[in-house]
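Chemist: First, the structure itself, so that you have it in front of you.
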Amino acid sequence: MTIDILCKVVDNYGDIGVAWRLARALSELPDPPRLRLVVDDLEAFVALRPGLDPRATFQVAKGIEVVAWQGPLGPEAAASFRARPASAIVECFACGRPDWLEDMLFAPGAPPSLVVDLEHLTAEPYAAELHLMPSLTRSASVRKAMFLPGFDEGTGGLVLDRSFEQTLARASSEEGRAELRRSVIATLTGAAPGAAAQPDAIGPVGAALAAPDDAVGRFWVAVFGYERDYGRIVADLAAFAARCAARCGVAGTGGDDARGSVPAGTVRGSVPDATSGRPLLALAAAGKSQACFLAAWEAAGRPFPALALPFLPQETWDRILAASDFSIVRGEDSWARAALAGRPFLWQAYPQAERHQMVKVEAFLRRLQRHFRPADFAPIARAYRAFNDRDRDESGTAGDESPGSLFDAYGTAAAGFQALAASLAARTNLAADLLTFFRESV
Amino acid sequence: MVVTSDLRTGSVFKSGNDALFVQRILGQKTGRGGMVTRFRVRNIVTGQTSDVALDAGEKFEEVDLDIHQMKLSYIDGDTYVFMDQTSFEQYELAKDDLGDNAGYISPDDDYEVEITFYEGKPVGVTLPILIERTITYCEPGVKGDTSGKTFKPATLDTGIEVSVPLFCDIGTKIRLDTRDGSFVERAK
């Protein structure tokens with residue numbers, strides 16, 4: 001069987017991120033299908049998968065044929081489709097189909113085919129209602145169905161690729177987690193083979209990684225969100241860092257120029273056992289939130305070390321998410337990875353008209369709260385609502401979000417998120433379900 | 001070609017050899033990736049109904065249809081009888097053929113509707129986008145609440161239930177959008 005995965009890059013890297021992970025996951029299954037990935041923006045793809053040629057109309061990556069969306073097809077791609085006509089097609093996020101594929105599918109005498117519309121991840125109940133629901137095209141020989149990822153039974157589940165599963169397995173023990181962090185640091189500092197980042201790209205705060213053993217033992221906070229004023233979040237992280245410093249007597253909890261700048265008198269409460277009083281390290285992902293987060297961090301006097309990450313390949317970002325103690329994530333793929341990683345995280349939903357994102361946030365909170373006692377869940381729900389309840393996200397938008405309460409009860413929060421991850425991991429892999437669906441239907 | 005976003009209750013489109021009549025819009029979900037709409041469609045040849053989900057960009061063949069302007073003459077049980085305003089011929093449509101549109105029309109209405117014919121047979125009706133109906137039952141109106149943001153159920157003179165703002169009362173004439181049954185404004 002050959003599966004064609006179609007992807008249009010709407011903005012950023014979320015669409016291609018999901019499509020590429022799905023392609024990899026399908027390719028790793030027992031008796032895998034042959035795969036073609038048709039992408040309209042290879043420049044975006046190259047960022048996730050360095051080594052691809054953004055101008056090539058046909059190339060192969062990890063055994064997956066990568067075809068440029070824009071026609072006409074080059075000779076190699078045309079030969080591929082002649083040899084193996086499209087019969088099982090995945091439209092990622094209702095992206096439609098390229099004209100040349102449309103011509104193939106609807107040509108008189110074309111072989112039967114099945115198109116699946118792979119929709120966005122949501123925790124809303126409609127995911128189970130729409131999953132596998134029949135759809136239609138203008139031809140009886142081109143059948144179509146919906147495929148909904150989700151967190152619950154009755155949905156398509158989440159994509160689990162082998163690389164991410166291995167990363168999760170490594171992160172499941174303290175030793176493995178430390179080793180995972182060392183591998184991340186080695187990649188970021190260019191000390192590992194195939195490193196994507198140059199030390200200069202890490203910027204003026206790169207010295208935070210100068211002592212890898214110190215960095216490995218810190219409380220890692222990964223930040224990947226939309227534009228906003230991160231002042232409140234940085235203040236809470238700073239207060240948390242100060243409590244950790246007070247507990248374990250760590251010197252130099254601040255950033256490069258901020259050593260000793262933790263304000264006196266900010267220590268409050270007790271440091272939860274789960275953090276073991278570790279000093280904090282923030283890892284700000286490249287993209288919309290990085291400048292905002294670092295601006296707030298600068299304004300606060302660099303109260304803890306922070307790394308401005310370069311744009312990273314998907315597998316490297318996965319390792320950072322799995323190795324982090326707390327994450328702020330946005331979009332879809334990082335949301336799913338954070339949920340599977342089993343550590344506390346805040347999800348920033350894409351802001352929509354009339355704050356429709358809150359419907360999605362509330363749906364996820366309902367799913368998440370199954371793993372908490374009500375009293376334990378209240379600060380988490382509060383933090384999610386405050387973080388998301390706004391008309392738009394931009395660098396000047398401030399809110400009253402306060403993840404501090406989440407850190408106050410870190411151990412309880414971590415147990416709940418771990419239970420969520422376990423419940424998700426117990427479900428089937430979306431890629432395996434999708435392949436089974438195609439094999440039973442085509 | 002028609003795309004999914006063009007379809008509404010009463011539309012007819014072709015999928016393969018099947019001419020399908022949109023009987024009901026079951027729901028829509030919106031997201032970053034566009035809208036997916038669930039429809040109940042009826043094969044206008046076999047009469048078989050099925051529920052399908054269509055994403056906004058899917059294209060379909062149009063169906064050769066004849067459209068006639070008519071008025072509803074009377075309702076006999078589940079049969080709706082319409083009269084062609086030019087030839088004065090009468091045509092019958094089953095309530096099922098009208099789909100959700102059956103809930104918006106009454107023989108007392110003075111407005112014309114479009115009756116769709118496929119191969120000489122009436123198969124559906126398309127209503128004006130805005131129509132006026134009278135509320136026959138709802139909880140008492142709340143004076144002073146004119147925001148129109150809080151809704152309550154109300155029964156119309158055709159027997160269907162819709163959501164109306166709190167300030168509406170029994171006897172209030174309202175203007176509705178027949179595409180989704182939503183309240184538009186109080187009729188004058």
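Residues are referred to by chain and number: the chain letter is A, B, ... according to the order shown in the structure tokens, the number counts from 1 in that chain, and ligands are numbered separately from 1 in the order shown.
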Select all residues from chain A having any atom no more than 7 Å from an atom of chain B (counting only C-alpha atoms, ignoring ligands), output as a PDB file with C-alpha atoms, in the first residue's frame.
Modeler:
```
ATOM      1  CA  PHE A  93      -6.381  19.722   8.192  1.00  0.00           C
ATOM      2  CA  ALA A  94      -8.685  19.841   5.172  1.00  0.00           C
ATOM      3  CA  GLY A  96      -7.468  20.136  -0.207  1.00  0.00           C
ATOM      4  CA  MET A 133     -17.719   9.686   9.908  1.00  0.00           C
ATOM      5  CA  PRO A 134     -18.248   9.263   6.157  1.00  0.00           C
ATOM      6  CA  SER A 135     -17.660  12.239   3.939  1.00  0.00           C
ATOM      7  CA  LEU A 136     -18.191  12.720   0.211  1.00  0.00           C
ATOM      8  CA  THR A 137     -16.462  13.795  -2.954  1.00  0.00           C
ATOM      9  CA  ARG A 138     -17.947  14.397  -6.377  1.00  0.00           C
ATOM     10  CA  SER A 139     -17.052  10.859  -7.495  1.00  0.00           C
ATOM     11  CA  ALA A 140     -18.263   7.519  -6.180  1.00  0.00           C
TER      12      ALA A 140
END
```
Chemist: With DSSP run on the backbone, what are the strand (DSSP E or B) residues within segment 57-265 of chain A? I'd like them as an NGL selection string.
Modeler: :A and (58-61 or 64-68 or 88-92 or 113-118 or 134-135 or 142-147 or 158 or 219-223)
Chemist: What lies within 10 Å of Asp109 of chain B using only C-alpha atoms, ignoring chain neighbours under 5 positions off, as JSON, numbers by chain?
Modeler: {"B": [71, 72, 73, 104, 131, 132, 133]}
Chemist: Just to be explicit: take each residue in the selection above, keep N, CA and C atoms, and write the result as an mmCIF file, in the first residue's frame.
Modeler:
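Final file, part.cif:
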```
data_model
loop_
_atom_site.group_PDB
_atom_site.id
_atom_site.type_symbol
_atom_site.label_atom_id
_atom_site.label_comp_id
_atom_site.auth_asym_id
_atom_site.auth_seq_id
_atom_site.Cartn_x
_atom_site.Cartn_y
_atom_site.Cartn_z
ATOM 1 N N LYS B 71 -46.191 29.310 -3.670
ATOM 2 C CA LYS B 71 -46.636 29.641 -2.315
ATOM 3 C C LYS B 71 -47.248 28.387 -1.696
ATOM 4 N N LEU B 72 -47.099 28.274 -0.409
ATOM 5 C CA LEU B 72 -47.705 27.136 0.293
ATOM 6 C C LEU B 72 -49.219 27.351 0.355
ATOM 7 N N SER B 73 -49.967 26.397 -0.188
ATOM 8 C CA SER B 73 -51.430 26.532 -0.177
ATOM 9 C C SER B 73 -52.025 26.010 1.122
ATOM 10 N N TYR B 104 -40.446 26.352 9.240
ATOM 11 C CA TYR B 104 -40.435 27.817 9.085
ATOM 12 C C TYR B 104 -41.583 28.348 8.244
ATOM 13 N N ILE B 131 -37.244 35.265 7.425
ATOM 14 C CA ILE B 131 -38.700 35.148 7.467
ATOM 15 C C ILE B 131 -39.199 35.661 8.820
ATOM 16 N N GLU B 132 -40.481 35.941 8.869
ATOM 17 C CA GLU B 132 -41.073 36.405 10.132
ATOM 18 C C GLU B 132 -42.017 35.334 10.678
ATOM 19 N N ARG B 133 -41.949 35.112 11.988
ATOM 20 C CA ARG B 133 -42.832 34.158 12.648
ATOM 21 C C ARG B 133 -43.291 34.762 13.965
#
```
Chemist: According to DSSP computed on the backbone, where in segment 61-264 of chain A is there helix (DSSP H, G or I)? Give the residues as a PyMOL selection string.
Modeler: chain A and resi 75-83+99-105+126-130+162-171+174-188+199-209+212-216+231-248
Chemist: Please write the residues from the selection above to a file, keeping C-alpha atoms, as a PDB file, in the first residue's frame.
Modeler:
```pdb
ATOM      1  CA  PRO A  75       9.656  13.127 -14.065  1.00  0.00           C
ATOM      2  CA  GLU A  76      10.558  11.233 -10.876  1.00  0.00           C
ATOM      3  CA  ALA A  77       7.342  12.145  -9.079  1.00  0.00           C
ATOM      4  CA  ALA A  78       5.293  11.383 -12.187  1.00  0.00           C
ATOM      5  CA  ALA A  79       6.969   7.985 -12.449  1.00  0.00           C
ATOM      6  CA  SER A  80       6.235   7.305  -8.808  1.00  0.00           C
ATOM      7  CA  PHE A  81       2.525   8.070  -9.245  1.00  0.00           C
ATOM      8  CA  ARG A  82       2.413   6.026 -12.456  1.00  0.00           C
ATOM      9  CA  ALA A  83       3.927   3.039 -10.717  1.00  0.00           C
ATOM     10  CA  ASP A  99      -4.670  20.194  -9.126  1.00  0.00           C
ATOM     11  CA  TRP A 100      -2.506  17.459 -10.651  1.00  0.00           C
ATOM     12  CA  LEU A 101      -3.706  14.970  -8.022  1.00  0.00           C
ATOM     13  CA  GLU A 102      -7.285  16.103  -8.557  1.00  0.00           C
ATOM     14  CA  ASP A 103      -6.873  15.346 -12.253  1.00  0.00           C
ATOM     15  CA  MET A 104      -5.512  11.870 -11.459  1.00  0.00           C
ATOM     16  CA  LEU A 105      -8.210  10.982  -8.950  1.00  0.00           C
ATOM     17  CA  TYR A 126     -17.127  16.398  18.583  1.00  0.00           C
ATOM     18  CA  ALA A 127     -13.818  14.601  17.999  1.00  0.00           C
ATOM     19  CA  ALA A 128     -15.469  11.283  18.845  1.00  0.00           C
ATOM     20  CA  GLU A 129     -18.641  12.254  16.961  1.00  0.00           C
ATOM     21  CA  LEU A 130     -16.806  13.067  13.737  1.00  0.00           C
ATOM     22  CA  ARG A 162       9.387   5.611  17.452  1.00  0.00           C
ATOM     23  CA  SER A 163      11.859   8.420  18.119  1.00  0.00           C
ATOM     24  CA  PHE A 164       9.466  10.082  20.555  1.00  0.00           C
ATOM     25  CA  GLU A 165       8.629   6.784  22.237  1.00  0.00           C
ATOM     26  CA  GLN A 166      12.340   6.167  22.743  1.00  0.00           C
ATOM     27  CA  THR A 167      12.737   9.680  24.134  1.00  0.00           C
ATOM     28  CA  LEU A 168       9.890   9.073  26.578  1.00  0.00           C
ATOM     29  CA  ALA A 169      11.421   5.783  27.640  1.00  0.00           C
ATOM     30  CA  ARG A 170      14.728   7.518  28.324  1.00  0.00           C
ATOM     31  CA  ALA A 171      12.985  10.228  30.328  1.00  0.00           C
ATOM     32  CA  GLU A 174      16.290   9.713  36.664  1.00  0.00           C
ATOM     33  CA  GLU A 175      19.465   8.395  35.061  1.00  0.00           C
ATOM     34  CA  GLY A 176      17.870   8.298  31.631  1.00  0.00           C
ATOM     35  CA  ARG A 177      16.526  11.788  32.106  1.00  0.00           C
ATOM     36  CA  ALA A 178      19.946  13.126  33.048  1.00  0.00           C
ATOM     37  CA  GLU A 179      21.441  11.404  30.039  1.00  0.00           C
ATOM     38  CA  LEU A 180      18.682  12.861  27.838  1.00  0.00           C
ATOM     39  CA  ARG A 181      19.487  16.338  29.126  1.00  0.00           C
ATOM     40  CA  ARG A 182      23.179  15.801  28.462  1.00  0.00           C
ATOM     41  CA  SER A 183      22.369  14.836  24.898  1.00  0.00           C
ATOM     42  CA  VAL A 184      20.254  17.995  24.519  1.00  0.00           C
ATOM     43  CA  ILE A 185      23.055  20.162  25.878  1.00  0.00           C
ATOM     44  CA  ALA A 186      25.557  18.449  23.607  1.00  0.00           C
ATOM     45  CA  THR A 187      23.331  19.157  20.620  1.00  0.00           C
ATOM     46  CA  LEU A 188      22.767  22.772  21.607  1.00  0.00           C
ATOM     47  CA  PRO A 199      27.036  28.144  19.998  1.00  0.00           C
ATOM     48  CA  ASP A 200      26.692  31.683  18.675  1.00  0.00           C
ATOM     49  CA  ALA A 201      23.081  31.018  17.849  1.00  0.00           C
ATOM     50  CA  ILE A 202      22.374  30.445  21.500  1.00  0.00           C
ATOM     51  CA  GLY A 203      23.196  34.079  22.078  1.00  0.00           C
ATOM     52  CA  PRO A 204      24.524  35.982  25.020  1.00  0.00           C
ATOM     53  CA  VAL A 205      23.022  33.605  27.551  1.00  0.00           C
ATOM     54  CA  GLY A 206      24.854  30.621  26.144  1.00  0.00           C
ATOM     55  CA  ALA A 207      27.115  30.572  29.189  1.00  0.00           C
ATOM     56  CA  ALA A 208      24.233  28.891  31.010  1.00  0.00           C
ATOM     57  CA  LEU A 209      25.380  25.723  29.336  1.00  0.00           C
ATOM     58  CA  PRO A 212      26.723  21.001  31.613  1.00  0.00           C
ATOM     59  CA  ASP A 213      26.538  19.134  34.925  1.00  0.00           C
ATOM     60  CA  ASP A 214      25.009  22.186  36.565  1.00  0.00           C
ATOM     61  CA  ALA A 215      22.533  22.622  33.696  1.00  0.00           C
ATOM     62  CA  VAL A 216      21.533  18.951  33.784  1.00  0.00           C
ATOM     63  CA  GLY A 231       5.966  39.538  32.991  1.00  0.00           C
ATOM     64  CA  ARG A 232       3.694  37.629  35.378  1.00  0.00           C
ATOM     65  CA  ILE A 233       5.047  34.280  34.354  1.00  0.00           C
ATOM     66  CA  VAL A 234       8.671  35.387  34.674  1.00  0.00           C
ATOM     67  CA  ALA A 235       7.875  36.885  38.089  1.00  0.00           C
ATOM     68  CA  ASP A 236       6.426  33.568  39.270  1.00  0.00           C
ATOM     69  CA  LEU A 237       9.347  31.633  37.847  1.00  0.00           C
ATOM     70  CA  ALA A 238      11.721  34.080  39.557  1.00  0.00           C
ATOM     71  CA  ALA A 239       9.969  33.639  42.885  1.00  0.00           C
ATOM     72  CA  PHE A 240      10.131  29.890  42.445  1.00  0.00           C
ATOM     73  CA  ALA A 241      13.818  30.101  41.547  1.00  0.00           C
ATOM     74  CA  ALA A 242      14.423  32.218  44.628  1.00  0.00           C
ATOM     75  CA  ARG A 243      12.715  29.647  46.848  1.00  0.00           C
ATOM     76  CA  CYS A 244      14.813  26.913  45.319  1.00  0.00           C
ATOM     77  CA  ALA A 245      17.969  28.954  45.832  1.00  0.00           C
ATOM     78  CA  ALA A 246      17.064  29.645  49.452  1.00  0.00           C
ATOM     79  CA  ARG A 247      16.401  25.987  50.068  1.00  0.00           C
ATOM     80  CA  CYS A 248      19.528  24.527  48.595  1.00  0.00           C
TER      81      CYS A 248
END
```
Chemist: If I take atom CA of Phe311 of chain A and atom CA of Gly51 of chain A, how far is one from the other in Å, to one decimal?
Modeler: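 Here the two named atoms are 14.3 Å from each other.
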Chemist: Write out as a list in words which residues come within 9 Å of segment 34-39 of chain A when counting only C-alpha atoms, dropping same-chain ones fewer than 5 positions away.
Modeler: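 Counting only C-alpha atoms, the residues come to Met1, Thr2, Ile3, Asp4, Ile5, Leu6, Cys7, Lys8, Val9, Ile16, Ala19, Trp20, Ala23, Leu26, Ser27, Phe45, Val60, Gly63, Ile64, Glu65, Val66, Val67, Ala68, Trp69, Gln70 and Pro98 of chain A.
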Chemist: Save out the residues we just selected, C-alpha atoms, as a compact mmCIF listing (two decimals), in the first residue's frame.
Modeler:
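Writing the result to part-v4.txt gives the following:
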```txt
# COMPACT_ATOMS: atom_id res chain seq x y z
CA MET A 1 0.00 0.00 0.00
CA THR A 2 1.09 3.55 -0.69
CA ILE A 3 -0.22 6.43 1.40
CA ASP A 4 -0.04 10.00 0.17
CA ILE A 5 0.04 12.63 2.92
CA LEU A 6 -0.92 16.11 1.75
CA CYS A 7 0.16 19.18 3.70
CA LYS A 8 -0.32 22.88 3.14
CA VAL A 9 1.68 25.11 5.45
CA ILE A 16 4.20 20.33 8.51
CA ALA A 19 2.45 15.75 8.75
CA TRP A 20 6.13 14.86 9.08
CA ALA A 23 4.82 10.13 7.94
CA LEU A 26 3.65 5.31 9.58
CA SER A 27 7.04 4.40 8.16
CA PHE A 45 9.84 21.70 5.99
CA VAL A 60 13.53 11.16 -0.44
CA GLY A 63 12.66 6.53 2.94
CA ILE A 64 9.67 8.85 2.45
CA GLU A 65 9.20 10.43 -0.96
CA VAL A 66 8.79 14.19 -0.63
CA VAL A 67 6.90 15.77 -3.53
CA ALA A 68 6.41 19.49 -4.16
CA TRP A 69 2.73 20.43 -4.17
CA GLN A 70 3.12 22.89 -7.01
CA PRO A 98 -3.19 19.73 -5.66
```
Chemist: Quick one: residues within 10 Å of Gln348 of chain A, only C-alpha atoms counted, chain neighbours fewer than 2 positions away excluded, as a list in words?
Modeler: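 What passes the distance filter is Phe224, Gly225, Tyr226, Ile328, Val329, Arg330, Gly331, Glu332, Trp335, Phe345, Leu346, Tyr350, Pro351, Gln357, Val361, Tyr384, Arg385, Phe387, Asn388, Asp389 and Asp393 of chain A.
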Chemist: If you keep C-alpha atoms, can you produce a file of those selected residues as a tab-separated table (two decimals), in the first residue's frame?
Modeler:
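Dumped to again-v2.tsv:
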```tsv
chain	number	residue	atom	x	y	z
A	224	PHE	CA	6.96	27.85	23.33
A	225	GLY	CA	3.90	30.08	23.05
A	226	TYR	CA	2.43	33.01	21.18
A	328	ILE	CA	4.49	26.23	28.17
A	329	VAL	CA	3.35	24.92	24.80
A	330	ARG	CA	1.12	26.12	22.01
A	331	GLY	CA	-0.56	24.73	18.93
A	332	GLU	CA	-1.08	21.04	18.33
A	335	TRP	CA	0.54	20.13	23.01
A	345	PHE	CA	2.47	22.15	31.34
A	346	LEU	CA	0.36	25.10	30.33
A	350	TYR	CA	-4.65	29.70	19.32
A	351	PRO	CA	-6.80	32.76	20.00
A	357	GLN	CA	-10.37	29.16	22.19
A	361	VAL	CA	-9.37	25.04	26.75
A	384	TYR	CA	-5.08	27.66	32.20
A	385	ARG	CA	-8.04	30.04	32.15
A	387	PHE	CA	-3.40	32.15	30.44
A	388	ASN	CA	-5.91	31.75	27.61
A	389	ASP	CA	-8.87	34.01	28.29
A	393	ASP	CA	-2.06	37.44	21.83
```
Chemist: Point out the residue among B:Ala187, B:Ile170, B:Val142, B:Met70 with the least atom-to-atom distance to Ser87 of chain B, counting only C-alpha atoms.
Modeler: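 For Ser87 of chain B, the nearest of the given residues is B:Met70.
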Chemist: What's the separation between atom CA of Leu158 of chain A and atom CA of Leu430 of chain A, in Å to one decimal place?
Modeler: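 Those two atoms sit 5.1 Å apart.
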Chemist: Applying 9 Å and only C-alpha atoms, which residues near Gly17 of chain A remain after dropping the ones on its own chain fewer than 3 positions away? List them as a VMD selection string.
Modeler: chain A and resid 13 to 14 20 to 22 45 48 314 333
Chemist: Figure out the distance between atom CA of Phe219 of chain A and atom CA of Arg373 of chain A, please, to one decimal in Å.
Modeler: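 If I compute the distance from atom CA of Arg373 of chain A to atom CA of Phe219 of chain A, I get 25.1 Å.
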Chemist: Find, counting only C-alpha atoms, the residue in A:Leu29, A:Thr316, A:Ala110, A:Gln369 that gets nearest to Pro50 of chain A.
Modeler: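 Comparing A:Leu29, A:Thr316, A:Ala110, A:Gln369 against Pro50 of chain A, the winner is A:Thr316.
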